[in-house]
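*Asks:* mmCIF, C-alpha atoms, file coords.cif:
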```cif
data_structure
#
loop_
_atom_site.label_atom_id
_atom_site.label_comp_id
_atom_site.auth_asym_id
_atom_site.auth_seq_id
_atom_site.Cartn_x
_atom_site.Cartn_y
_atom_site.Cartn_z
CA MET A 431 -17.85 -12.53 -4.50
CA ASN A 432 -20.25 -9.60 -4.60
CA GLN A 433 -19.24 -7.32 -7.44
CA GLN A 434 -19.98 -3.65 -6.96
CA SER A 435 -19.18 -0.71 -9.21
CA ARG A 436 -20.97 2.37 -10.45
CA PRO A 437 -23.58 1.43 -13.08
CA GLY A 438 -22.32 2.20 -16.57
CA SER A 439 -18.79 2.85 -15.33
CA TYR A 440 -15.59 1.67 -16.96
CA ALA A 441 -15.09 -0.70 -14.02
CA GLU A 442 -18.52 -2.24 -14.50
CA ARG A 443 -17.85 -2.80 -18.20
CA PHE A 444 -14.58 -4.48 -17.30
CA ILE A 445 -16.39 -6.94 -15.03
CA SER A 446 -19.15 -7.74 -17.53
CA ASP A 447 -17.21 -7.73 -20.81
CA VAL A 448 -13.43 -7.39 -20.65
CA PHE A 449 -12.64 -9.82 -17.84
CA PRO A 450 -14.54 -12.82 -19.29
CA SER A 451 -13.19 -12.30 -22.81
CA CYS A 452 -9.60 -11.18 -22.19
CA TYR A 453 -8.34 -12.03 -18.71
CA LYS A 454 -9.68 -15.43 -17.73
CA ARG A 455 -6.94 -17.56 -19.29
CA GLY A 456 -3.35 -16.90 -20.43
CA ALA A 457 -3.40 -13.15 -19.73
CA LEU A 458 -0.60 -13.19 -17.13
CA PRO A 459 2.42 -14.67 -18.92
CA GLY A 460 5.65 -15.03 -17.00
CA GLU A 461 7.24 -12.26 -19.05
CA ARG A 462 5.14 -9.72 -17.14
CA TYR A 463 7.14 -10.65 -14.05
CA THR A 464 10.53 -11.63 -15.47
CA SER A 465 11.23 -9.70 -18.68
CA ALA A 466 13.68 -6.80 -18.53
CA ALA A 467 11.99 -5.24 -21.57
CA PHE A 468 8.55 -5.32 -19.90
CA PHE A 469 10.13 -4.05 -16.69
CA ASP A 470 11.60 -1.02 -18.50
CA GLN A 471 8.37 -0.18 -20.32
CA GLU A 472 6.42 -0.55 -17.10
CA TRP A 473 8.74 1.94 -15.40
CA GLU A 474 8.34 4.55 -18.13
CA ASN A 475 4.59 4.15 -18.64
CA VAL A 476 3.28 3.32 -15.17
CA TRP A 477 5.61 4.30 -12.36
CA THR A 478 6.47 7.73 -13.73
CA LYS A 479 2.80 8.58 -14.41
CA VAL A 480 1.03 7.78 -11.13
CA TRP A 481 0.78 9.08 -7.58
CA LEU A 482 3.02 7.08 -5.22
CA VAL A 483 2.93 7.06 -1.43
CA ILE A 484 6.39 8.02 -0.21
CA ALA A 485 6.33 8.76 3.56
CA ARG A 486 4.32 10.02 6.54
CA THR A 487 4.03 13.68 7.39
CA THR A 488 5.01 12.86 10.98
CA GLU A 489 8.44 11.70 9.78
CA ILE A 490 9.38 15.28 8.84
CA LEU A 491 7.91 17.67 11.42
CA GLU A 492 10.41 20.56 11.43
CA ALA A 493 11.94 22.67 8.66
CA GLY A 494 14.92 20.83 7.21
CA ASP A 495 13.66 17.39 8.24
CA PHE A 496 13.91 15.01 5.30
CA VAL A 497 13.44 11.44 4.14
CA VAL A 498 14.98 9.73 1.13
CA GLU A 499 13.11 6.87 -0.53
CA GLU A 500 14.26 4.62 -3.36
CA ILE A 501 11.70 3.71 -6.03
CA GLY A 502 13.17 1.71 -8.89
CA PRO A 503 16.14 3.61 -10.35
CA GLU A 504 15.09 6.89 -8.72
CA SER A 505 16.01 8.31 -5.34
CA ILE A 506 13.48 10.82 -4.03
CA LEU A 507 14.22 13.51 -1.45
CA VAL A 508 11.24 14.85 0.53
CA VAL A 509 11.84 17.90 2.72
CA ARG A 510 9.80 19.94 5.19
CA GLN A 511 9.96 23.65 4.26
CA GLU A 512 10.30 26.80 6.37
CA ASP A 513 6.64 27.66 5.73
CA GLY A 514 5.53 24.20 6.92
CA GLY A 515 4.93 22.86 3.42
CA ILE A 516 6.52 19.75 1.93
CA ARG A 517 8.48 19.54 -1.31
CA ALA A 518 9.91 16.58 -3.20
CA PHE A 519 13.01 16.52 -5.41
CA TYR A 520 14.98 14.03 -7.43
CA ASN A 521 17.91 13.26 -5.17
CA VAL A 522 20.60 14.25 -7.64
CA CYS A 523 23.06 17.14 -7.73
CA GLN A 524 22.65 19.20 -10.90
CA HIS A 525 26.42 19.73 -11.26
CA ARG A 526 27.57 16.31 -12.43
CA GLY A 527 24.80 13.93 -11.38
CA ASN A 528 26.11 12.73 -8.03
CA ARG A 529 23.56 11.37 -5.54
CA LEU A 530 23.09 14.43 -3.34
CA VAL A 531 21.83 13.14 0.02
CA GLN A 532 23.17 9.82 1.30
CA PRO A 533 21.31 9.25 4.64
CA ALA A 534 17.80 7.81 4.48
CA GLU A 535 16.49 10.40 6.92
CA GLY A 536 17.61 13.27 9.08
CA SER A 537 17.54 17.04 9.40
CA MET A 538 19.79 19.57 7.65
CA PRO A 539 19.60 23.34 7.04
CA SER A 540 20.92 22.70 3.52
CA PHE A 541 22.34 19.88 1.41
CA THR A 542 25.98 19.83 0.28
CA CYS A 543 27.15 17.47 -2.42
CA ASP A 544 30.16 15.44 -1.25
CA TYR A 545 31.75 15.55 -4.71
CA HIS A 546 32.34 19.28 -5.43
CA SER A 547 30.62 20.94 -2.43
CA TRP A 548 27.73 22.50 -4.29
CA THR A 549 25.22 23.48 -1.58
CA TRP A 550 21.46 23.43 -2.05
CA GLY A 551 18.76 25.02 0.10
CA ILE A 552 15.89 22.93 1.40
CA ASP A 553 13.70 24.72 -1.19
CA GLY A 554 15.83 23.32 -4.03
CA SER A 555 17.71 26.52 -4.81
CA LEU A 556 21.47 26.54 -5.39
CA VAL A 557 22.99 28.41 -2.44
CA SER A 558 26.72 28.28 -3.14
CA VAL A 559 29.32 26.66 -5.40
CA GLN A 560 33.02 26.12 -5.10
CA ASP A 561 35.11 28.63 -7.16
CA GLU A 562 32.04 30.67 -8.07
CA GLY A 563 34.12 33.08 -10.18
CA ASP A 564 35.21 30.30 -12.54
CA PHE A 565 31.93 30.20 -14.48
CA SER A 566 32.35 32.39 -17.58
CA GLU A 567 28.58 32.40 -18.20
CA GLY A 568 27.98 33.68 -14.67
CA SER A 569 27.36 32.04 -11.35
CA PRO A 570 24.87 29.15 -11.49
CA CYS A 571 23.53 30.27 -8.09
CA GLY A 572 20.08 31.73 -8.54
CA THR A 573 19.54 30.09 -11.93
CA VAL A 574 19.99 26.34 -11.28
CA ARG A 575 17.62 24.36 -9.05
CA LEU A 576 17.11 20.78 -7.97
CA GLU A 577 14.60 19.03 -10.18
CA GLU A 578 11.27 19.07 -8.35
CA MET A 579 8.25 16.79 -8.68
CA LYS A 580 4.64 17.07 -7.62
CA CYS A 581 3.99 16.45 -3.94
CA GLU A 582 0.67 16.34 -2.05
CA THR A 583 -0.62 14.83 1.19
CA PHE A 584 -3.63 12.72 2.13
CA ALA A 585 -4.58 11.16 5.47
CA GLY A 586 -1.15 11.93 6.88
CA PHE A 587 0.65 10.26 3.96
CA ILE A 588 2.93 12.07 1.51
CA PHE A 589 2.45 11.23 -2.17
CA ILE A 590 4.65 12.20 -5.12
CA ASN A 591 4.14 12.14 -8.87
CA MET A 592 6.92 12.35 -11.47
CA ASP A 593 4.50 13.43 -14.20
CA PRO A 594 4.21 17.25 -14.30
CA GLU A 595 0.94 16.90 -16.27
CA SER A 596 -0.77 14.57 -13.79
CA VAL A 597 -4.19 15.16 -12.26
CA SER A 598 -4.41 16.14 -8.60
CA LEU A 599 -4.05 13.51 -5.91
CA LYS A 600 -7.71 13.94 -4.98
CA ASP A 601 -8.79 13.26 -8.56
CA TYR A 602 -6.44 10.28 -8.74
CA LEU A 603 -7.77 8.68 -5.54
CA GLY A 604 -11.40 9.18 -6.53
CA PRO A 605 -13.87 7.65 -4.02
CA ILE A 606 -11.06 6.64 -1.66
CA TRP A 607 -10.59 10.28 -0.69
CA ASP A 608 -14.00 10.37 0.99
CA ARG A 609 -14.13 6.77 2.19
CA TRP A 610 -11.03 7.17 4.34
CA GLN A 611 -12.35 10.21 6.19
CA VAL A 612 -13.95 8.08 8.93
CA TYR A 613 -10.63 6.52 9.93
CA PRO A 614 -8.38 8.46 12.36
CA VAL A 615 -5.36 7.81 10.13
CA GLU A 616 -3.52 11.02 10.96
CA LYS A 617 -3.64 10.18 14.69
CA MET A 618 -2.14 6.71 14.25
CA THR A 619 1.34 5.79 15.44
CA ARG A 620 3.71 3.51 13.56
CA VAL A 621 4.25 0.39 15.66
CA GLN A 622 5.89 -1.80 13.02
CA ALA A 623 8.22 -0.77 10.21
CA LEU A 624 9.90 -3.50 8.18
CA THR A 625 11.39 -3.34 4.70
CA VAL A 626 12.00 -6.77 3.17
CA SER A 627 14.18 -7.45 0.14
CA LEU A 628 12.21 -10.02 -1.89
CA PRO A 629 13.43 -12.49 -4.55
CA SER A 630 10.35 -11.76 -6.67
CA ASN A 631 8.80 -9.21 -8.97
CA TRP A 632 6.91 -6.42 -7.22
CA LYS A 633 3.58 -7.42 -8.80
CA ALA A 634 3.57 -10.95 -7.39
CA LEU A 635 2.84 -9.95 -3.81
CA HIS A 636 0.48 -7.19 -4.92
CA ASP A 637 -1.42 -9.85 -6.90
CA ASN A 638 -1.72 -11.81 -3.69
CA PHE A 639 -3.24 -8.83 -1.89
CA SER A 640 -5.79 -8.43 -4.71
CA GLU A 641 -7.60 -11.73 -4.11
CA VAL A 642 -8.88 -13.83 -1.23
CA TYR A 643 -8.73 -17.15 -3.09
CA HIS A 644 -5.48 -18.01 -1.30
CA PHE A 645 -6.87 -17.34 2.18
CA ALA A 646 -8.04 -20.82 3.14
CA THR A 647 -4.68 -22.33 2.16
CA VAL A 648 -2.20 -19.69 3.25
CA HIS A 649 -4.06 -18.16 6.20
CA ALA A 650 -5.82 -21.15 7.73
CA PRO A 651 -5.13 -19.93 11.31
CA TYR A 652 -7.28 -16.86 10.58
CA LEU A 653 -10.36 -18.72 9.40
CA ASP A 654 -11.51 -18.54 13.02
CA TYR A 655 -11.77 -14.77 12.70
CA LEU A 656 -12.48 -13.76 9.08
CA GLU A 657 -15.09 -14.97 6.58
CA ASP A 658 -13.30 -16.07 3.42
CA ASP A 659 -16.27 -17.35 1.38
CA PHE A 660 -16.12 -15.40 -1.90
CA ARG A 661 -19.93 -15.43 -2.07
CA ASP A 662 -20.04 -13.40 1.13
CA ILE A 663 -17.31 -10.88 0.28
CA ALA A 664 -18.11 -7.47 -1.18
CA CYS A 665 -15.68 -5.84 -3.58
CA ASP A 666 -15.76 -2.42 -5.23
CA ILE A 667 -13.56 -1.54 -8.17
CA PHE A 668 -13.14 2.04 -9.29
CA ASP A 669 -12.48 3.60 -12.68
CA GLN A 670 -9.18 5.04 -11.38
CA GLY A 671 -7.80 1.50 -10.96
CA HIS A 672 -8.21 1.22 -7.20
CA THR A 673 -10.27 -1.45 -5.44
CA VAL A 674 -11.56 -2.37 -1.99
CA MET A 675 -12.48 -5.79 -0.63
CA HIS A 676 -14.71 -6.13 2.45
CA MET A 677 -14.21 -9.27 4.55
CA LYS A 678 -16.49 -9.84 7.53
CA GLY A 679 -14.47 -10.17 10.73
CA ALA A 680 -14.89 -11.07 14.41
CA LEU A 681 -16.65 -14.34 13.58
CA PRO A 682 -15.57 -17.81 12.42
CA SER A 683 -15.78 -18.51 8.70
CA ALA A 684 -18.22 -21.06 7.32
CA ARG A 685 -15.20 -23.12 6.29
CA TYR A 686 -13.88 -23.04 9.87
CA LEU A 687 -17.23 -24.09 11.31
CA ASP A 688 -17.21 -27.15 9.04
CA SER A 689 -14.07 -28.34 10.81
CA ASP A 690 -13.86 -30.18 14.12
CA LEU A 691 -12.21 -27.21 15.87
CA PRO A 692 -13.87 -25.35 18.78
CA PRO A 693 -16.42 -22.85 17.39
CA ILE A 694 -14.93 -20.04 19.48
CA SER A 695 -11.16 -20.05 19.08
CA GLU A 696 -8.61 -18.62 21.47
CA GLN A 697 -8.10 -15.62 19.18
CA LEU A 698 -11.80 -14.81 18.88
CA GLY A 699 -12.31 -15.51 22.57
CA ALA A 700 -9.61 -13.00 23.47
CA GLU A 701 -11.37 -10.35 21.38
CA LEU A 702 -14.67 -11.03 23.12
CA LYS A 703 -13.04 -10.74 26.53
CA ARG A 704 -11.31 -7.51 25.50
CA TRP A 705 -14.76 -6.02 25.05
CA ASP A 706 -16.21 -7.55 28.25
CA LEU A 707 -18.08 -10.39 26.54
CA ASP A 708 -18.05 -14.02 27.70
CA PRO A 709 -16.93 -16.49 24.99
CA ALA A 710 -19.05 -19.22 26.61
CA ASP A 711 -22.19 -17.30 25.65
CA PHE A 712 -21.43 -17.86 21.96
CA VAL A 713 -20.47 -21.52 21.80
CA ASP A 714 -23.92 -22.43 20.45
CA ARG A 715 -24.19 -19.36 18.20
CA PRO A 716 -20.63 -18.60 17.06
CA THR A 717 -21.63 -16.35 14.17
CA GLY A 718 -23.33 -14.03 16.65
CA THR A 719 -19.96 -12.74 17.83
CA ARG A 720 -19.68 -10.14 15.07
CA LEU A 721 -22.94 -8.37 15.88
CA ALA A 722 -22.29 -8.60 19.63
CA LEU A 723 -18.86 -7.00 19.23
CA GLN A 724 -20.26 -4.24 17.05
CA GLN A 725 -22.87 -3.42 19.68
CA GLN A 726 -20.33 -3.58 22.48
CA LYS A 727 -17.89 -1.31 20.66
CA ARG A 728 -20.67 1.19 20.11
CA ARG A 729 -21.46 1.12 23.84
CA LEU A 730 -17.94 1.04 25.33
CA GLY A 731 -15.80 2.56 22.61
CA PRO A 732 -16.17 6.28 23.35
CA ALA A 733 -15.31 5.86 27.05
CA ARG A 734 -12.17 3.95 26.01
CA GLY A 735 -11.07 6.80 23.76
CA HIS A 736 -12.44 5.47 20.46
CA THR A 737 -14.54 8.51 19.64
CA HIS A 738 -14.02 7.87 15.92
CA TYR A 739 -16.39 4.89 16.18
CA GLU A 740 -19.29 7.36 15.98
CA LYS A 741 -18.47 8.01 12.30
CA MET A 742 -18.04 4.36 11.36
CA SER A 743 -20.50 1.85 9.99
CA ASP A 744 -21.10 -1.33 11.96
CA GLY A 745 -18.97 -3.26 9.47
CA GLN A 746 -16.04 -0.91 9.87
CA LEU A 747 -16.00 -1.67 13.62
CA THR A 748 -15.24 -5.37 13.14
CA ASP A 749 -14.32 -6.12 9.55
CA SER A 750 -11.32 -5.81 7.26
CA HIS A 751 -11.65 -3.36 4.38
CA HIS A 752 -8.66 -4.03 2.17
CA TYR A 753 -7.84 -1.25 -0.29
CA THR A 754 -5.45 -1.49 -3.19
CA ILE A 755 -4.37 1.91 -4.48
CA PHE A 756 -2.92 1.57 -7.95
CA PRO A 757 -0.21 0.61 -8.61
CA ASN A 758 1.70 -0.51 -5.52
CA PHE A 759 0.00 0.45 -2.25
CA SER A 760 -2.39 -1.73 -0.23
CA ALA A 761 -3.96 -0.91 3.10
CA GLY A 762 -5.88 -3.22 5.39
CA MET A 763 -8.18 -0.76 7.15
CA LEU A 764 -9.33 -1.83 10.62
CA ALA A 765 -11.28 0.11 13.22
CA ASP A 766 -8.12 1.09 15.09
CA GLY A 767 -5.26 0.45 12.72
CA ILE A 768 -3.87 0.14 9.22
CA LEU A 769 -1.77 -2.69 7.90
CA PHE A 770 0.26 -0.83 5.27
CA HIS A 771 1.75 -2.71 2.29
CA ARG A 772 3.93 -1.02 -0.32
CA LEU A 773 5.82 -2.78 -3.11
CA ARG A 774 8.73 -1.09 -4.85
CA PRO A 775 10.60 -2.35 -7.91
CA HIS A 776 14.30 -3.09 -7.83
CA ALA A 777 16.40 -0.54 -9.74
CA THR A 778 17.38 -2.98 -12.51
CA ASP A 779 16.22 -6.56 -11.83
CA PRO A 780 12.59 -7.56 -12.53
CA ASN A 781 13.09 -10.66 -10.38
CA ARG A 782 13.64 -8.61 -7.22
CA SER A 783 11.64 -6.04 -5.28
CA TYR A 784 11.19 -4.39 -1.89
CA TYR A 785 8.24 -4.87 0.41
CA ASP A 786 7.50 -2.23 3.03
CA VAL A 787 5.11 -3.54 5.68
CA PHE A 788 4.23 -0.97 8.33
CA TYR A 789 1.53 -1.07 10.96
CA TYR A 790 -0.18 2.09 12.21
CA ALA A 791 -2.42 2.01 15.27
CA VAL A 792 -4.40 4.26 17.56
CA GLY A 793 -4.21 2.79 21.07
CA ASP A 794 -3.70 -0.92 21.77
CA ASP A 795 -7.00 -2.39 20.60
CA ALA A 796 -5.91 -2.64 16.98
CA PHE A 797 -3.82 -5.72 17.75
CA SER A 798 -6.74 -7.84 18.83
CA SER A 799 -7.69 -8.71 15.26
CA MET A 800 -4.43 -8.56 13.30
CA SER A 801 -1.14 -10.26 14.06
CA THR A 802 2.07 -8.37 13.29
CA ALA A 803 5.71 -8.95 14.01
CA ALA A 804 5.61 -6.02 16.43
CA GLY A 805 3.10 -7.72 18.71
CA GLY A 806 1.69 -4.59 20.34
CA GLY A 807 2.41 -1.25 21.91
CA ILE A 808 2.17 2.34 20.73
CA ALA A 809 5.80 3.49 20.47
CA GLU A 810 6.94 4.95 17.11
CA ALA A 811 8.85 2.07 15.55
CA GLU A 812 12.23 2.50 13.89
CA ARG A 813 12.40 1.15 10.36
CA GLU A 814 14.23 -2.14 10.00
CA TYR A 815 15.68 -3.55 6.77
CA VAL A 816 15.79 -7.35 6.40
CA GLU A 817 16.40 -9.96 3.73
CA TYR A 818 13.70 -12.41 2.68
CA GLY A 819 13.33 -15.15 5.30
CA GLU A 820 15.56 -13.40 7.82
CA LYS A 821 12.77 -12.40 10.21
CA SER A 822 9.13 -13.23 10.81
CA LEU A 823 6.65 -10.63 9.60
CA GLY A 824 3.95 -12.04 11.85
CA ALA A 825 1.80 -15.14 11.41
CA LEU A 826 -0.51 -13.48 8.90
CA LEU A 827 2.08 -12.12 6.48
CA ASP A 828 4.60 -14.95 6.72
CA GLY A 829 2.15 -17.04 4.73
CA ASP A 830 1.86 -14.43 1.97
CA VAL A 831 5.57 -13.72 1.65
CA GLY A 832 6.53 -17.37 1.99
CA THR A 833 5.33 -18.22 -1.52
CA MET A 834 7.13 -15.41 -3.32
CA ALA A 835 10.45 -17.12 -4.00
CA THR A 836 8.91 -20.32 -5.33
CA GLN A 837 6.34 -18.47 -7.40
CA GLN A 838 9.00 -16.33 -9.07
CA LYS A 839 10.86 -19.49 -10.04
CA GLY A 840 7.68 -20.90 -11.51
CA LEU A 841 6.98 -17.72 -13.46
CA ARG A 842 10.35 -18.16 -15.18
CA SER A 843 9.45 -21.67 -16.34
CA ARG A 844 8.71 -22.28 -20.01
CA GLY A 845 6.03 -24.65 -18.74
CA TYR A 846 3.90 -21.85 -17.29
CA ARG A 847 1.14 -20.83 -19.73
CA GLY A 848 -0.08 -17.51 -18.35
CA GLY A 849 -2.56 -18.44 -15.65
CA VAL A 850 -6.17 -19.58 -15.38
CA LEU A 851 -8.23 -17.25 -13.20
CA ALA A 852 -11.30 -18.09 -11.16
CA ASP A 853 -14.26 -15.74 -11.44
CA GLN A 854 -13.54 -14.33 -7.99
CA GLU A 855 -10.10 -13.17 -9.14
CA TYR A 856 -11.50 -10.35 -11.25
CA ARG A 857 -10.03 -7.80 -8.83
CA LEU A 858 -6.53 -9.09 -9.66
CA ALA A 859 -7.37 -9.07 -13.37
CA PHE A 860 -8.56 -5.45 -13.16
CA TYR A 861 -5.26 -4.48 -11.58
CA HIS A 862 -3.33 -5.98 -14.50
CA HIS A 863 -5.77 -4.45 -16.95
CA MET A 864 -4.91 -1.01 -15.54
CA ILE A 865 -1.21 -1.74 -16.05
CA ASP A 866 -1.98 -2.64 -19.65
CA ARG A 867 -4.00 0.57 -20.07
CA TYR A 868 -1.13 2.71 -18.80
CA MET A 869 1.30 0.84 -21.02
CA ALA A 870 -0.96 1.72 -23.97
CA GLY A 871 -0.89 5.42 -23.07
CA TYR A 872 -3.85 5.90 -20.72
CA ARG A 873 -3.64 8.83 -18.30
CA PRO A 874 -6.26 9.82 -15.69
CA GLU A 875 -8.41 12.84 -16.38
CA LYS A 876 -9.52 15.55 -13.99
CA ALA A 877 -12.80 14.68 -12.25
#
```
Produce structure tokens that represent the structure in this file.
*Replies:*
Amino acid sequence: MNQQSRPGSYAERFISDVFPSCYKRGALPGERYTSAAFFDQEWENVWTKVWLVIARTTEILEAGDFVVEEIGPESILVVRQEDGGIRAFYNVCQHRGNRLVQPAEGSMPSFTCDYHSWTWGIDGSLVSVQDEGDFSEGSPCGTVRLEEMKCETFAGFIFINMDPESVSLKDYLGPIWDRWQVYPVEKMTRVQALTVSLPSNWKALHDNFSEVYHFATVHAPYLDYLEDDFRDIACDIFDQGHTVMHMKGALPSARYLDSDLPPISEQLGAELKRWDLDPADFVDRPTGTRLALQQQKRRLGPARGHTHYEKMSDGQLTDSHHYTIFPNFSAGMLADGILFHRLRPHATDPNRSYYDVFYYAVGDDAFSSMSTAAGGGIAEAEREYVEYGEKSLGALLDGDVGTMATQQKGLRSRGYRGGVLADQEYRLAFYHHMIDRYMAGYRPEKA
């Protein structure tokens, strides 16, 4: 796998020095995934110190519109303000600690606690209390507020940070801030929205999204469309803890071409036809499909409404650029869509977690190269909550999620010795190294 990082950077030193000496063998003991003590320390030292994606700006368009999201033991209330801004609060009444807002989303001019009827404005101020004259120290109205946290937006996503001393979101994202500018993210519509309750630690699936070593085994049906050879995959890792992996798409992998399957599969053939190319022209030169599709998208894209292609590199027109934003957000960036992955810890159990898999698309063409449970269309999808194994997540993700239950059982075994990583798994190792850094007290600095 091609390793890329800024010369002399912390990330480069990790690749050259830290990974070979500290993370190749035994660095991922089962306790990282199963221990309640590790789980608690991780919450205090990682989750409460980082920027976390919480919602989309399009989910709260009008003043009083809100969403409530659960992250570990915290419930977070995000509200659109009268001035058009967005604020985020801990979803807890300051009277006696009752959970303030019960619905997961909606619109209200104010929030009234269903325990003692204390009413809060959408700006977090205390508007009224029952028996206001019964407070000998004076009315709490005007002096007590909901506890607020930092809240910023990027690419149509709302992020929050529980650390009042944190750096800005732009500083936290680093190079990702600029790299995402070519994608029309804010114009995309949510066409799939599933939340899955998993019988595994939140890191297990995020580990999976940090390496391509599993691809040939778990995603064999997609070898006809994506190159999985680690020697032909570019990967950048950034000092902030984020990474991106670039997999060539719209062509059969070398591993696929070594099989006895047709060189141009039904899936790849459908993509060629979508862009007015004849699959028969590529039977004798199957790896030429990627370049041909790039050229065809350049030629036909603008007339089909894909004006954003003008800002994209050739690779961004056909390939998968998979970003992991530390600690729990992954995004498969395609020319016309984003496959959004977010892992959230259970409130108390390290052996459970929640997986949010959403798909955002502009137009219909995004579905030609990525299978989802939604199948297609551009309607704003309602969020659906399911248990592990209850519903297909699409052919691509079923393979990933399908190993989670058995892996979590294995991680609890006294026979597991902490892992043996291949060289190409350095991206996964860097992710765990950043967890270790935060656990040791690291905090990002302003750029």
*Asks:* Do you know which residues are at most 12 Å from Gly527 of chain A counting only C-alpha atoms, after dropping those on the same chain fewer than 3 positions away, and could you put them as a list in words?
*Replies:*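 Skipping anything fewer than 3 positions along the chain leaves Tyr520, Asn521, Val522, Cys523, Gln524, Leu530, Val531, Cys543, Asp544, Tyr545, His546, Trp548, Leu576 and Glu577 of chain A.
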*Asks:* Can you turn the PyMOL selection byres ((chain A and resi 573) around 12) into a concrete residue list for this file, as a PyMOL selection string?
*Replies:* chain A and resi 524+554-558+567-572+574-576
*Asks:* For the structure provided, state which residues fall under the PyMOL selection byres ((chain A and resi 749) around 8), and present them as a PyMOL selection string.
*Replies:* chain A and resi 656+676-680+745-748+750-751+764-765
*Asks:* Dump C-alpha atoms for the selected residues as a PDB file, in the frame of the given file?
*Replies:*
```
ATOM      1  CA  LEU A 656     -12.480 -13.760   9.080  1.00  0.00           C
ATOM      2  CA  HIS A 676     -14.710  -6.130   2.450  1.00  0.00           C
ATOM      3  CA  MET A 677     -14.210  -9.270   4.550  1.00  0.00           C
ATOM      4  CA  LYS A 678     -16.490  -9.840   7.530  1.00  0.00           C
ATOM      5  CA  GLY A 679     -14.470 -10.170  10.730  1.00  0.00           C
ATOM      6  CA  ALA A 680     -14.890 -11.070  14.410  1.00  0.00           C
ATOM      7  CA  GLY A 745     -18.970  -3.260   9.470  1.00  0.00           C
ATOM      8  CA  GLN A 746     -16.040  -0.910   9.870  1.00  0.00           C
ATOM      9  CA  LEU A 747     -16.000  -1.670  13.620  1.00  0.00           C
ATOM     10  CA  THR A 748     -15.240  -5.370  13.140  1.00  0.00           C
ATOM     11  CA  SER A 750     -11.320  -5.810   7.260  1.00  0.00           C
ATOM     12  CA  HIS A 751     -11.650  -3.360   4.380  1.00  0.00           C
ATOM     13  CA  LEU A 764      -9.330  -1.830  10.620  1.00  0.00           C
ATOM     14  CA  ALA A 765     -11.280   0.110  13.220  1.00  0.00           C
TER      15      ALA A 765
END
```
*Asks:* Which residues, named as in the file, does the PyMOL selection byres ((chain A and resi 560) around 9) pick out? Answer as a list in words.
*Replies:*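 For this structure, the PyMOL selection byres ((chain A and resi 560) around 9) resolves to His546, Ser547, Trp548, Thr549, Ser558, Val559, Asp561, Glu562, Gly563 and Asp564 of chain A.
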*Asks:* May I have the residues within 8 Å of segment 512-515 of chain A as a compact mmCIF listing (two decimals) with C-alpha atoms, keeping the file's coordinate frame, using all atoms listed in the file and disregarding those fewer than 2 positions away in the same chain?
*Replies:*
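Generated output (out_8.txt):
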```
# COMPACT_ATOMS: atom_id res chain seq x y z
CA GLU A 492 10.41 20.56 11.43
CA ALA A 493 11.94 22.67 8.66
CA GLY A 494 14.92 20.83 7.21
CA ARG A 510 9.80 19.94 5.19
CA ARG A 517 8.48 19.54 -1.31
```
*Asks:* Could you tell me how far atom CA of Gly604 of chain A lies from atom CA of Cys665 of chain A, in Å and to one decimal?
*Replies:* 15.9 Å
*Asks:* Tell me which of A:Asp593, A:Glu820, A:Asp766, A:Asp711 sits closest to Thr619 of chain A, counting all atoms listed in the file.
*Replies:*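 Using all atoms listed in the file, Thr619 of chain A sits closest to A:Asp766.
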*Asks:* Go ahead and compute the interatomic distance for atom CA of Glu578 of chain A and atom CA of Ile590 of chain A, in Å to one decimal.
*Replies:*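 These two atoms are separated by 10.1 Å.
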*Asks:* Can you work out which one of A:Lys703, A:Arg857, A:Lys600, A:His736 has the shortest atom-to-atom distance to Lys454 of chain A, counting all atoms listed in the file?
*Replies:*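 The shortest atom-to-atom distance to Lys454 of chain A comes from A:Arg857.
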*Asks:* Report, in Å to a single decimal, how far apart atom CA of Tyr790 of chain A and atom CA of Leu730 of chain A are.
*Replies:* 22.1 Å
*Asks:* Would you list the contacts of Gln726 of chain A as a ChimeraX atom specification, taking every protein, DNA or RNA residue within 10 Å and counting all atoms listed in the file, but skipping same-chain residues closer than 3 positions in sequence?
*Replies:* /A:702,705-707,720-723,729-731
*Asks:* Tell me which of A:Asp658, A:Asp666, A:Glu696, A:Asp601 sits closest to Ala684 of chain A, counting all atoms listed in the file.
*Replies:*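 The closest residue to Ala684 of chain A is A:Asp658.
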*Asks:* Name the residues in contact with Leu624 of chain A at a cut-off of 7 Å, using only C-alpha atoms, excluding same-chain residues fewer than 5 positions from it; report them as a PyMOL selection string.
*Replies:* chain A and resi 786-788+813-815
*Asks:* When you look at Asp654 of chain A with a cut-off of 12 Å (counting all atoms listed in the file), what residues show up, excluding the ones that are within fewer than 3 positions of it in the same chain? I need them as a VMD selection string.
*Replies:* chain A and resid 645 to 646 649 to 651 657 to 658 678 to 701 716 to 717 719 to 720 799
